[in-house]
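So this one's model-v7.txt, compact mmCIF, C-alpha atoms and all ligand atoms:
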```txt
# COMPACT_ATOMS: atom_id res chain seq x y z
CA MET N 9 -106.57 21.84 25.61
CA VAL N 10 -103.01 20.55 25.86
CA ALA N 11 -102.58 17.02 24.58
CA PRO N 12 -101.09 14.60 27.11
CA THR N 13 -97.34 14.29 26.58
CA SER N 14 -96.79 11.14 28.55
CA SER N 15 -98.42 7.73 28.57
CA PRO N 16 -99.19 5.81 31.79
CA LEU N 17 -96.00 3.84 31.06
CA ALA N 18 -93.77 6.94 30.81
CA HIS N 19 -91.86 6.11 34.01
CA HIS N 20 -90.71 2.75 32.63
CA ARG N 21 -86.97 2.60 32.13
CA LEU N 22 -86.89 -0.17 29.52
CA THR N 23 -88.38 0.07 26.04
CA PRO N 24 -90.59 -2.72 24.67
CA ALA N 25 -87.69 -3.69 22.38
CA GLU N 26 -85.35 -3.98 25.39
CA VAL N 27 -87.89 -6.10 27.24
CA ALA N 28 -88.24 -8.39 24.21
CA ARG N 29 -84.47 -8.73 24.05
CA TYR N 30 -84.27 -9.42 27.80
CA ASN N 31 -86.88 -12.14 27.43
CA ALA N 32 -84.98 -13.72 24.54
CA GLU N 33 -81.42 -13.40 25.90
CA GLY N 34 -82.11 -13.69 29.64
CA TYR N 35 -80.18 -10.57 30.62
CA HIS N 36 -79.88 -6.84 29.99
CA ILE N 37 -77.12 -4.30 30.69
CA PHE N 38 -78.44 -0.95 31.92
CA ARG N 39 -75.81 1.68 31.14
CA GLU N 40 -77.46 4.56 33.03
CA GLN N 41 -76.87 5.23 36.71
CA LEU N 42 -79.61 3.37 38.61
CA PHE N 43 -79.82 5.99 41.39
CA PRO N 44 -78.96 9.70 41.54
CA PRO N 45 -75.42 10.19 42.99
CA ALA N 46 -76.41 11.09 46.58
CA LYS N 47 -78.78 8.12 46.78
CA PHE N 48 -76.15 5.72 45.43
CA ASN N 49 -73.54 7.11 47.85
CA GLY N 50 -75.99 6.54 50.71
CA LEU N 51 -76.36 2.89 49.73
CA LYS N 52 -72.60 2.48 49.41
CA ALA N 53 -72.06 4.01 52.88
CA THR N 54 -74.72 1.67 54.33
CA PHE N 55 -72.98 -1.29 52.71
CA GLU N 56 -69.57 -0.22 54.12
CA HIS N 57 -71.15 0.03 57.58
CA ILE N 58 -72.64 -3.47 57.34
CA LEU N 59 -69.33 -4.82 56.01
CA ASP N 60 -67.40 -3.26 58.92
CA GLY N 61 -69.76 -5.01 61.36
CA LEU N 62 -69.34 -8.53 59.92
CA ASP N 63 -68.36 -11.14 62.51
CA ALA N 64 -64.79 -12.39 62.31
CA GLY N 65 -64.47 -15.23 59.83
CA VAL N 66 -67.61 -14.37 57.84
CA ARG N 67 -66.75 -13.98 54.17
CA PRO N 68 -67.97 -10.75 52.55
CA GLU N 69 -69.25 -12.69 49.54
CA SER N 70 -71.85 -14.25 51.84
CA MET N 71 -73.78 -11.16 52.95
CA ASP N 72 -77.09 -12.76 51.94
CA VAL N 73 -80.50 -11.27 52.90
CA PRO N 74 -78.94 -8.27 54.73
CA HIS N 75 -82.33 -6.54 54.69
CA PHE N 76 -83.64 -8.95 57.35
CA GLN N 77 -81.26 -7.29 59.82
CA HIS N 78 -80.93 -3.87 58.21
CA PRO N 79 -84.38 -2.56 57.21
CA GLU N 80 -82.77 0.74 56.19
CA LEU N 81 -81.93 -1.10 52.93
CA PHE N 82 -85.60 -0.86 51.90
CA GLN N 83 -84.96 2.80 50.99
CA TRP N 84 -83.18 1.37 47.96
CA LEU N 85 -84.87 -2.01 47.56
CA LEU N 86 -88.34 -0.47 47.27
CA ALA N 87 -87.26 2.69 45.41
CA ASP N 88 -89.08 3.83 42.29
CA GLU N 89 -85.79 3.90 40.34
CA VAL N 90 -85.54 0.11 40.70
CA LEU N 91 -89.23 -0.76 40.48
CA ASP N 92 -89.59 1.35 37.31
CA LEU N 93 -86.78 -0.74 35.83
CA VAL N 94 -88.35 -4.13 36.55
CA GLU N 95 -92.02 -3.23 36.06
CA PRO N 96 -91.91 -3.49 32.23
CA ILE N 97 -90.73 -7.11 32.69
CA LEU N 98 -92.81 -8.16 35.71
CA GLY N 99 -95.94 -6.06 35.36
CA PRO N 100 -97.45 -3.67 37.92
CA ASP N 101 -97.72 -6.10 40.87
CA ILE N 102 -94.21 -6.60 42.21
CA ALA N 103 -92.73 -8.38 45.23
CA LEU N 104 -89.20 -8.07 46.56
CA PHE N 105 -87.92 -11.64 46.73
CA SER N 106 -84.44 -11.22 48.18
CA SER N 107 -81.14 -9.31 48.23
CA HIS N 108 -77.46 -10.15 48.67
CA PHE N 109 -74.20 -8.17 48.75
CA ILE N 110 -71.66 -10.32 46.90
CA CYS N 111 -68.43 -8.59 47.84
CA LYS N 112 -65.18 -10.10 46.58
CA PRO N 113 -62.34 -8.52 48.51
CA ARG N 114 -59.25 -7.51 46.59
CA GLY N 115 -56.53 -10.13 46.40
CA ASN N 116 -58.53 -13.16 47.55
CA GLY N 117 -62.13 -12.78 46.38
CA GLN N 118 -63.80 -16.13 45.80
CA ARG N 119 -65.19 -17.26 42.47
CA VAL N 120 -68.91 -17.81 41.94
CA PRO N 121 -69.37 -21.29 40.37
CA TRP N 122 -71.49 -21.66 37.23
CA HIS N 123 -75.05 -21.93 38.48
CA GLU N 124 -78.68 -21.02 37.97
CA ASP N 125 -80.32 -19.13 40.84
CA SER N 126 -83.38 -21.32 40.28
CA HIS N 127 -81.37 -24.38 41.42
CA TYR N 128 -81.30 -22.86 44.93
CA TRP N 129 -84.89 -21.61 44.90
CA LYS N 130 -86.75 -24.63 43.53
CA THR N 131 -88.55 -25.41 46.82
CA MET N 132 -89.21 -21.75 47.53
CA ILE N 133 -91.28 -20.23 44.70
CA THR N 134 -93.68 -21.16 41.88
CA PRO N 135 -93.46 -20.29 39.03
CA MET N 136 -89.70 -19.67 38.79
CA GLU N 137 -89.83 -16.11 37.50
CA VAL N 138 -87.35 -13.78 39.21
CA VAL N 139 -85.49 -10.76 37.85
CA THR N 140 -82.24 -9.85 39.60
CA VAL N 141 -80.96 -6.29 39.43
CA TRP N 142 -77.18 -6.60 39.94
CA LEU N 143 -76.00 -3.15 40.99
CA ALA N 144 -72.27 -2.43 40.86
CA ILE N 145 -71.24 -0.92 44.20
CA ASP N 146 -67.63 -0.96 42.90
CA PRO N 147 -66.49 -0.96 39.27
CA SER N 148 -66.92 -4.52 38.02
CA THR N 149 -64.59 -5.67 35.24
CA LYS N 150 -62.91 -8.79 33.89
CA VAL N 151 -59.91 -7.81 36.05
CA ASN N 152 -61.73 -7.98 39.41
CA GLY N 153 -64.14 -10.82 38.62
CA CYS N 154 -67.27 -9.37 37.02
CA MET N 155 -70.32 -11.58 36.50
CA ASN N 156 -70.51 -13.63 33.28
CA VAL N 157 -73.79 -14.89 31.81
CA ILE N 158 -74.41 -17.51 29.12
CA PRO N 159 -77.14 -15.95 26.97
CA ARG N 160 -80.41 -17.81 26.27
CA THR N 161 -79.72 -20.60 28.78
CA HIS N 162 -82.79 -19.54 30.80
CA ASN N 163 -85.03 -21.07 28.14
CA THR N 164 -82.86 -23.79 26.63
CA GLY N 165 -81.26 -27.01 27.90
CA LYS N 166 -82.38 -27.82 31.44
CA LEU N 167 -84.51 -24.65 31.73
CA GLY N 168 -82.94 -23.48 34.97
CA PHE N 169 -82.57 -26.93 36.52
CA SER N 170 -79.21 -28.33 35.41
CA ASP N 171 -77.45 -31.15 37.24
CA TYR N 172 -74.66 -30.18 39.64
CA ASP N 173 -71.38 -31.62 40.96
CA ASP N 174 -70.38 -31.02 44.58
CA LEU N 175 -67.34 -28.80 45.22
CA ALA N 176 -65.02 -28.89 48.21
CA PRO N 177 -66.57 -26.63 50.89
CA GLY N 178 -65.05 -23.18 51.33
CA ILE N 179 -63.20 -22.83 48.03
CA ALA N 180 -65.92 -20.90 46.21
CA VAL N 181 -69.03 -18.90 47.02
CA PHE N 182 -71.21 -22.02 46.61
CA ASN N 183 -70.43 -25.70 47.28
CA ASP N 184 -71.69 -27.02 43.94
CA GLU N 185 -71.50 -26.24 40.24
CA ILE N 186 -73.30 -27.19 37.01
CA LYS N 187 -71.80 -30.30 35.43
CA PRO N 188 -69.28 -29.38 32.71
CA THR N 189 -71.31 -31.21 30.04
CA GLN N 190 -74.30 -28.93 30.72
CA ARG N 191 -72.55 -25.55 30.31
CA ASP N 192 -70.49 -23.88 27.61
CA PRO N 193 -68.44 -21.01 29.07
CA SER N 194 -67.03 -20.22 25.60
CA ARG N 195 -70.44 -18.58 24.91
CA ALA N 196 -70.33 -16.40 28.05
CA ILE N 197 -70.67 -12.61 28.01
CA ALA N 198 -68.71 -10.62 30.61
CA ILE N 199 -70.92 -7.95 32.19
CA GLU N 200 -68.55 -5.06 32.86
CA LEU N 201 -70.13 -2.18 34.78
CA GLU N 202 -69.11 1.17 36.20
CA ALA N 203 -70.05 1.77 39.82
CA GLY N 204 -73.73 2.74 39.94
CA GLN N 205 -74.68 0.90 36.73
CA CYS N 206 -76.54 -2.40 36.85
CA SER N 207 -77.51 -5.45 34.87
CA LEU N 208 -80.68 -7.55 34.99
CA HIS N 209 -80.80 -11.32 34.73
CA ASP N 210 -83.42 -14.05 34.69
CA GLY N 211 -83.21 -16.44 37.67
CA ARG N 212 -82.83 -19.42 35.31
CA ILE N 213 -79.85 -18.16 33.28
CA ILE N 214 -76.46 -19.87 33.71
CA HIS N 215 -73.97 -17.42 35.24
CA GLY N 216 -70.85 -17.25 37.39
CA SER N 217 -67.69 -15.24 37.96
CA ALA N 218 -63.92 -15.61 38.41
CA PRO N 219 -61.94 -15.09 41.63
CA ASN N 220 -60.77 -11.55 42.40
CA THR N 221 -56.98 -11.58 42.54
CA SER N 222 -56.75 -7.90 41.58
CA SER N 223 -56.08 -4.90 43.83
CA ILE N 224 -59.64 -3.59 43.35
CA ARG N 225 -62.58 -4.80 45.48
CA ARG N 226 -65.64 -6.02 43.55
CA CYS N 227 -69.00 -5.68 45.25
CA GLY N 228 -72.39 -6.13 43.62
CA TYR N 229 -75.76 -5.69 45.34
CA THR N 230 -78.25 -8.19 43.97
CA MET N 231 -81.83 -6.96 44.36
CA ARG N 232 -84.28 -9.67 43.35
CA TYR N 233 -87.90 -9.14 42.28
CA MET N 234 -90.80 -11.28 41.14
CA SER N 235 -94.38 -10.73 40.13
CA ALA N 236 -96.72 -10.66 43.12
CA GLY N 237 -98.44 -13.51 41.24
CA VAL N 238 -95.54 -15.82 42.18
CA LYS N 239 -96.25 -17.92 45.26
CA LEU N 240 -93.72 -18.23 48.08
CA ASN N 241 -93.88 -21.63 49.84
CA SER N 242 -95.91 -20.71 52.92
CA ASP N 243 -93.95 -23.15 55.15
CA LEU N 244 -90.98 -20.79 54.86
CA VAL N 245 -92.73 -17.54 55.77
CA GLY N 246 -91.46 -16.01 59.01
CA LYS N 247 -89.10 -18.97 59.59
CA PHE N 248 -86.65 -19.07 56.70
CA HIS N 249 -87.70 -16.31 54.35
CA ASN N 250 -89.95 -13.28 53.95
CA ILE N 251 -90.93 -11.42 50.82
CA TYR N 252 -92.25 -7.86 50.62
CA LEU N 253 -95.00 -6.29 48.53
CA ALA N 254 -93.13 -3.60 46.62
CA ARG N 255 -95.80 -2.21 44.24
CA GLY N 256 -99.39 -2.98 43.26
CA GLN N 257 -101.27 -5.84 44.89
CA ASP N 258 -100.84 -9.46 45.90
CA ARG N 259 -102.01 -11.94 43.25
CA ALA N 260 -100.88 -15.24 44.79
CA GLY N 261 -102.20 -15.30 48.35
CA ASN N 262 -98.73 -14.56 49.76
CA THR N 263 -98.03 -13.26 53.26
CA TYR N 264 -95.65 -10.29 53.15
CA GLY N 265 -93.07 -9.01 55.60
CA ASP N 266 -93.10 -5.49 57.06
CA PRO N 267 -90.28 -3.37 55.60
CA LYS N 268 -90.22 -1.19 58.72
CA GLN N 269 -89.27 -4.17 60.85
CA ALA N 270 -86.06 -6.24 61.30
CA TYR N 271 -86.30 -10.04 61.32
CA PRO N 272 -83.08 -11.12 63.06
CA GLU N 273 -84.60 -14.55 63.80
CA LEU N 274 -84.64 -15.32 60.06
CA ALA N 275 -80.96 -14.45 59.78
CA ARG N 276 -80.20 -16.58 62.88
CA PHE N 277 -82.14 -19.55 61.50
CA ARG N 278 -80.25 -19.36 58.21
CA ALA N 279 -76.88 -19.06 59.96
CA LYS N 280 -77.67 -22.05 62.22
CA HIS N 281 -78.91 -24.32 59.45
CA GLY N 282 -76.39 -23.19 56.87
CA LYS N 283 -77.35 -22.31 53.34
CA ASN N 284 -75.35 -23.15 50.28
CA GLY N 285 -76.46 -20.88 47.49
CA HIS N 286 -78.48 -17.72 47.22
O1 LIG J 301 -71.78 -11.63 41.74
C1 LIG J 301 -71.54 -12.58 41.00
O2 LIG J 301 -70.48 -12.73 40.43
C2 LIG J 301 -72.63 -13.59 40.74
C3 LIG J 301 -73.99 -13.04 41.02
C4 LIG J 301 -75.04 -14.06 41.12
O3 LIG J 301 -74.82 -15.24 41.18
C5 LIG J 301 -76.42 -13.57 41.14
O4 LIG J 301 -76.65 -12.36 41.18
O5 LIG J 301 -77.34 -14.38 41.08
```
Show how you would write the structure in this file as structure tokens.
Ligand SMILES: O=C(O)CCC(=O)C(=O)O
Amino acid sequence: MVAPTSSPLAHHRLTPAEVARYNAEGYHIFREQLFPPAKFNGLKATFEHILDGLDAGVRPESMDVPHFQHPELFQWLLADEVLDLVEPILGPDIALFSSHFICKPRGNGQRVPWHEDSHYWKTMITPMEVVTVWLAIDPSTKVNGCMNVIPRTHNTGKLGFSDYDDLAPGIAVFNDEIKPTQRDPSRAIAIELEAGQCSLHDGRIIHGSAPNTSSIRRCGYTMRYMSAGVKLNSDLVGKFHNIYLARGQDRAGNTYGDPKQAYPELARFRAKHGKNGH
């Protein structure tokens, strides 16, 4: 008899040591290609198509929840390559929480103020446990405004709920920013990625990025996942937000959206009522 060569966890793409480091530092840089080349190129072509169809005046940094209008994105959002990456952190029951193309055009790409994602989600989910996979659609470097994270801030200081100052509307991707006394950018790590690579970050970590004044566009696709044991505020379901069961089973009594269906009414509601933040 041939001894088994793989364990039930063999498809996991992070080692236990990498998971421990992610939990301690609040982020991880994944240097492999997330998807095989043809699959990545398909996502990039889909992104370019959505970008080309943006209404006049809509900034490309603000392509939030595109999957509500473009269910073809679930080919990537629910793909094993991504779920195998987050499963060692989240466990076997996984929900897709959200997604966002943050595309800084060359020359005049807006900066992302220092923030915690949790600041924008505090009335949405409990507990606040989200992993974002930030996939580089374009190369992302210090030159074109890559994301910076301040390690360990997800479990120190204000634990994801810092105090914020308002910013003048329209000058940055969000209209508020963590108070200067509650952040220390001198400790930040620049996450430079080749196209097709990705990073992971905890929803409570302090992060942000500089404007893009370079001649190279910088687009990242944020794919956000949580355990299916995290509860989405049921008042929001079908009106403001939907989540999707990606793997395993529901553990929180959530209602899940149908990935074969578009929900343009959610996008319309968000556009009408405005949304500052993720
Ligand atoms: O794209 C960036 O520079 C910031 C990304 C971000 O805020 C996020 O993924 O939560």
Residue with smallest distance to ligand LIG 301 (chain J) - pool N:Asp243, N:Asp60, N:Asp125, N:Asp171, counting all atoms listed in the file: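 Answer, going by the shortest atom-to-atom distance: N:Asp125.
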Answer as a list in words, residues within 9 Å of (-79.5, -3.8, 59.4) using all atoms listed in the file: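 Final list of nearby residues, as requested, is Thr54, Ile58, Pro74, His75, Phe76, Gln77, His78, Pro79, Glu80, Leu81, Ala270 and Pro272 of chain N.
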Who sits within 8 Å of segment 262-264 of chain N, only C-alpha atoms, same chain under 4 positions skipped, as an mmCIF file with C-alpha atoms, in the frame of the given file:
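File written: part.cif
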```
data_model
loop_
_atom_site.group_PDB
_atom_site.id
_atom_site.type_symbol
_atom_site.label_atom_id
_atom_site.label_comp_id
_atom_site.auth_asym_id
_atom_site.auth_seq_id
_atom_site.Cartn_x
_atom_site.Cartn_y
_atom_site.Cartn_z
ATOM 1 C CA ALA N 236 -96.720 -10.660 43.120
ATOM 2 C CA LYS N 239 -96.250 -17.920 45.260
ATOM 3 C CA LEU N 240 -93.720 -18.230 48.080
ATOM 4 C CA SER N 242 -95.910 -20.710 52.920
ATOM 5 C CA VAL N 245 -92.730 -17.540 55.770
ATOM 6 C CA ASN N 250 -89.950 -13.280 53.950
ATOM 7 C CA ILE N 251 -90.930 -11.420 50.820
ATOM 8 C CA TYR N 252 -92.250 -7.860 50.620
ATOM 9 C CA LEU N 253 -95.000 -6.290 48.530
ATOM 10 C CA ASP N 258 -100.840 -9.460 45.900
#
```
Can you work out which residues are within 9 Å of ligand LIG 301 (chain J), considering all atoms listed in the file, and then hand them over as a compact mmCIF listing (two decimals) with C-alpha atoms, keeping the file's coordinate frame?
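In the end it all went to result15.txt:
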```
# COMPACT_ATOMS: atom_id res chain seq x y z
CA GLU N 69 -69.25 -12.69 49.54
CA SER N 107 -81.14 -9.31 48.23
CA HIS N 108 -77.46 -10.15 48.67
CA PHE N 109 -74.20 -8.17 48.75
CA ILE N 110 -71.66 -10.32 46.90
CA CYS N 111 -68.43 -8.59 47.84
CA LYS N 112 -65.18 -10.10 46.58
CA ARG N 119 -65.19 -17.26 42.47
CA VAL N 120 -68.91 -17.81 41.94
CA PRO N 121 -69.37 -21.29 40.37
CA TRP N 122 -71.49 -21.66 37.23
CA HIS N 123 -75.05 -21.93 38.48
CA GLU N 124 -78.68 -21.02 37.97
CA ASP N 125 -80.32 -19.13 40.84
CA THR N 140 -82.24 -9.85 39.60
CA VAL N 141 -80.96 -6.29 39.43
CA TRP N 142 -77.18 -6.60 39.94
CA GLY N 153 -64.14 -10.82 38.62
CA CYS N 154 -67.27 -9.37 37.02
CA MET N 155 -70.32 -11.58 36.50
CA ASN N 156 -70.51 -13.63 33.28
CA VAL N 181 -69.03 -18.90 47.02
CA LEU N 208 -80.68 -7.55 34.99
CA HIS N 209 -80.80 -11.32 34.73
CA ASP N 210 -83.42 -14.05 34.69
CA GLY N 211 -83.21 -16.44 37.67
CA ILE N 214 -76.46 -19.87 33.71
CA HIS N 215 -73.97 -17.42 35.24
CA GLY N 216 -70.85 -17.25 37.39
CA SER N 217 -67.69 -15.24 37.96
CA ALA N 218 -63.92 -15.61 38.41
CA PRO N 219 -61.94 -15.09 41.63
CA ARG N 226 -65.64 -6.02 43.55
CA CYS N 227 -69.00 -5.68 45.25
CA GLY N 228 -72.39 -6.13 43.62
CA TYR N 229 -75.76 -5.69 45.34
CA THR N 230 -78.25 -8.19 43.97
CA MET N 231 -81.83 -6.96 44.36
CA ARG N 232 -84.28 -9.67 43.35
CA GLY N 285 -76.46 -20.88 47.49
CA HIS N 286 -78.48 -17.72 47.22
```
Nearest to Val157 of chain N by atom-to-atom distance, counting all atoms listed in the file, from N:His36, N:Lys130, N:Lys268, N:Lys47: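 Using all atoms listed in the file, Val157 of chain N sits closest to N:His36.
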Phe43 of chain N environment, 12 Å, only C-alpha atoms, sequence neighbours closer than 3 positions dropped, as a list in words: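 After dropping sequence-adjacent residues, the list is Phe38, Arg39, Glu40, Ala46, Lys47, Phe48, Asn49, Gly50, Leu51, Lys52, Gln83, Trp84, Leu85, Ala87, Asp88, Glu89, Val90, Leu91, Asp92, Leu93, Leu143, Ala144, Ile145, Ala203, Gly204, Gln205 and Cys206 of chain N.
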Coordinates-based distance that separates atom CA of Asp72 of chain N from atom CA of Asn163 of chain N (Å, one decimal):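 Interatomic distance, atom CA of Asn163 of chain N to atom CA of Asp72 of chain N: 26.4 Å.
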Atom pair atom CA of Arg191 of chain N / atom CA of Leu175 of chain N: separation (Å): 16.1 Å
Atom pair atom CA of Tyr233 of chain N / atom CA of Ala275 of chain N: separation (Å):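 The value is 19.6 Å.
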N:Pro147, N:Pro159, N:Gly246, N:Pro177 ranked by distance to Glu202 of chain N, top pick (using all atoms listed in the file): N:Pro147
Distance criterion (all atoms listed in the file): nearest to Arg225 of chain N out of N:Glu26, N:Asp174, N:Asp184, N:Asp146: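 The closest residue to Arg225 of chain N is N:Asp146.
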Using all atoms listed in the file: which of N:Leu274, N:Val66, N:Met234, N:Leu22 has the shortest distance to Gly178 of chain N: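 Going through N:Leu274, N:Val66, N:Met234, N:Leu22 one by one, the smallest distance to Gly178 of chain N is for N:Val66.
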From N:Thr161, N:Thr134, N:Asn241, N:Gln118, residue lying nearest Arg195 of chain N [only C-alpha atoms]: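 That would be N:Thr161, the residue with the smallest distance to Arg195 of chain N.
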Protein and nucleic acid residues near (-84.6, -22.4, 29.1) (cut-off 12 Å, all atoms listed in the file) as a list in words: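 Final list of nearby residues, as requested, is Asn31, Ala32, Glu33, Gly34, Glu124, Ser126, Met136, Glu137, Ile158, Pro159, Arg160, Thr161, His162, Asn163, Thr164, Gly165, Lys166, Leu167, Gly168, Phe169, Ser170, Asp210, Gly211, Arg212, Ile213 and Ile214 of chain N.
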Mind completing segment 143-170 of chain N with N, CA and C atoms? Output as a PDB file, in the coordinates of the input, please?
```
ATOM      1  N   LEU N 143     -76.486  -4.533  40.975  1.00  0.00           N
ATOM      2  CA  LEU N 143     -76.000  -3.150  40.990  1.00  0.00           C
ATOM      3  C   LEU N 143     -74.528  -3.129  41.397  1.00  0.00           C
ATOM      4  N   ALA N 144     -73.713  -2.507  40.559  1.00  0.00           N
ATOM      5  CA  ALA N 144     -72.270  -2.430  40.860  1.00  0.00           C
ATOM      6  C   ALA N 144     -72.036  -1.375  41.941  1.00  0.00           C
ATOM      7  N   ILE N 145     -71.639  -1.837  43.123  1.00  0.00           N
ATOM      8  CA  ILE N 145     -71.240  -0.920  44.200  1.00  0.00           C
ATOM      9  C   ILE N 145     -69.827  -0.416  43.898  1.00  0.00           C
ATOM     10  N   ASP N 146     -68.980  -1.300  43.385  1.00  0.00           N
ATOM     11  CA  ASP N 146     -67.630  -0.960  42.900  1.00  0.00           C
ATOM     12  C   ASP N 146     -67.629  -1.161  41.389  1.00  0.00           C
ATOM     13  N   PRO N 147     -66.618  -0.597  40.687  1.00  0.00           N
ATOM     14  CA  PRO N 147     -66.490  -0.960  39.270  1.00  0.00           C
ATOM     15  C   PRO N 147     -66.337  -2.473  39.171  1.00  0.00           C
ATOM     16  N   SER N 148     -66.937  -3.062  38.141  1.00  0.00           N
ATOM     17  CA  SER N 148     -66.920  -4.520  38.020  1.00  0.00           C
ATOM     18  C   SER N 148     -66.427  -4.851  36.608  1.00  0.00           C
ATOM     19  N   THR N 149     -65.246  -5.446  36.530  1.00  0.00           N
ATOM     20  CA  THR N 149     -64.590  -5.670  35.240  1.00  0.00           C
ATOM     21  C   THR N 149     -64.048  -7.095  35.180  1.00  0.00           C
ATOM     22  N   LYS N 150     -63.510  -7.456  34.004  1.00  0.00           N
ATOM     23  CA  LYS N 150     -62.910  -8.790  33.890  1.00  0.00           C
ATOM     24  C   LYS N 150     -61.739  -8.916  34.867  1.00  0.00           C
ATOM     25  N   VAL N 151     -61.093  -7.778  35.181  1.00  0.00           N
ATOM     26  CA  VAL N 151     -59.910  -7.810  36.050  1.00  0.00           C
ATOM     27  C   VAL N 151     -60.275  -8.189  37.491  1.00  0.00           C
ATOM     28  N   ASN N 152     -61.400  -7.674  38.008  1.00  0.00           N
ATOM     29  CA  ASN N 152     -61.730  -7.980  39.410  1.00  0.00           C
ATOM     30  C   ASN N 152     -62.892  -8.971  39.563  1.00  0.00           C
ATOM     31  N   GLY N 153     -63.191  -9.702  38.480  1.00  0.00           N
ATOM     32  CA  GLY N 153     -64.140 -10.820  38.620  1.00  0.00           C
ATOM     33  C   GLY N 153     -65.586 -10.439  38.416  1.00  0.00           C
ATOM     34  N   CYS N 154     -65.872  -9.737  37.306  1.00  0.00           N
ATOM     35  CA  CYS N 154     -67.270  -9.370  37.020  1.00  0.00           C
ATOM     36  C   CYS N 154     -68.106 -10.622  36.741  1.00  0.00           C
ATOM     37  N   MET N 155     -69.424 -10.455  36.786  1.00  0.00           N
ATOM     38  CA  MET N 155     -70.320 -11.580  36.500  1.00  0.00           C
ATOM     39  C   MET N 155     -70.309 -11.879  34.994  1.00  0.00           C
ATOM     40  N   ASN N 156     -70.377 -13.163  34.668  1.00  0.00           N
ATOM     41  CA  ASN N 156     -70.510 -13.630  33.280  1.00  0.00           C
ATOM     42  C   ASN N 156     -71.834 -14.367  33.165  1.00  0.00           C
ATOM     43  N   VAL N 157     -72.534 -14.153  32.044  1.00  0.00           N
ATOM     44  CA  VAL N 157     -73.790 -14.890  31.810  1.00  0.00           C
ATOM     45  C   VAL N 157     -73.668 -15.638  30.482  1.00  0.00           C
ATOM     46  N   ILE N 158     -74.364 -16.765  30.392  1.00  0.00           N
ATOM     47  CA  ILE N 158     -74.410 -17.510  29.120  1.00  0.00           C
ATOM     48  C   ILE N 158     -75.794 -17.264  28.519  1.00  0.00           C
ATOM     49  N   PRO N 159     -75.846 -16.388  27.489  1.00  0.00           N
ATOM     50  CA  PRO N 159     -77.140 -15.950  26.970  1.00  0.00           C
ATOM     51  C   PRO N 159     -78.036 -17.116  26.565  1.00  0.00           C
ATOM     52  N   ARG N 160     -79.331 -16.915  26.716  1.00  0.00           N
ATOM     53  CA  ARG N 160     -80.410 -17.810  26.270  1.00  0.00           C
ATOM     54  C   ARG N 160     -80.532 -19.102  27.073  1.00  0.00           C
ATOM     55  N   THR N 161     -79.644 -19.333  28.039  1.00  0.00           N
ATOM     56  CA  THR N 161     -79.720 -20.600  28.780  1.00  0.00           C
ATOM     57  C   THR N 161     -80.908 -20.648  29.741  1.00  0.00           C
ATOM     58  N   HIS N 162     -81.589 -19.512  29.923  1.00  0.00           N
ATOM     59  CA  HIS N 162     -82.790 -19.540  30.800  1.00  0.00           C
ATOM     60  C   HIS N 162     -83.938 -20.283  30.131  1.00  0.00           C
ATOM     61  N   ASN N 163     -83.924 -20.366  28.795  1.00  0.00           N
ATOM     62  CA  ASN N 163     -85.030 -21.070  28.140  1.00  0.00           C
ATOM     63  C   ASN N 163     -84.550 -22.113  27.129  1.00  0.00           C
ATOM     64  N   THR N 164     -83.365 -22.664  27.419  1.00  0.00           N
ATOM     65  CA  THR N 164     -82.860 -23.790  26.630  1.00  0.00           C
ATOM     66  C   THR N 164     -82.344 -24.852  27.604  1.00  0.00           C
ATOM     67  N   GLY N 165     -81.898 -25.982  27.067  1.00  0.00           N
ATOM     68  CA  GLY N 165     -81.260 -27.010  27.900  1.00  0.00           C
ATOM     69  C   GLY N 165     -82.149 -27.450  29.044  1.00  0.00           C
ATOM     70  N   LYS N 166     -81.661 -27.327  30.262  1.00  0.00           N
ATOM     71  CA  LYS N 166     -82.380 -27.820  31.440  1.00  0.00           C
ATOM     72  C   LYS N 166     -83.322 -26.776  32.034  1.00  0.00           C
ATOM     73  N   LEU N 167     -83.512 -25.664  31.344  1.00  0.00           N
ATOM     74  CA  LEU N 167     -84.510 -24.650  31.730  1.00  0.00           C
ATOM     75  C   LEU N 167     -84.376 -24.217  33.194  1.00  0.00           C
ATOM     76  N   GLY N 168     -83.158 -23.977  33.608  1.00  0.00           N
ATOM     77  CA  GLY N 168     -82.940 -23.480  34.970  1.00  0.00           C
ATOM     78  C   GLY N 168     -82.709 -24.574  36.001  1.00  0.00           C
ATOM     79  N   PHE N 169     -82.738 -25.835  35.554  1.00  0.00           N
ATOM     80  CA  PHE N 169     -82.570 -26.930  36.520  1.00  0.00           C
ATOM     81  C   PHE N 169     -81.547 -27.938  36.027  1.00  0.00           C
ATOM     82  N   SER N 170     -80.317 -27.464  35.818  1.00  0.00           N
ATOM     83  CA  SER N 170     -79.210 -28.330  35.410  1.00  0.00           C
ATOM     84  C   SER N 170     -78.847 -29.284  36.538  1.00  0.00           C
TER      85      SER N 170
END
```
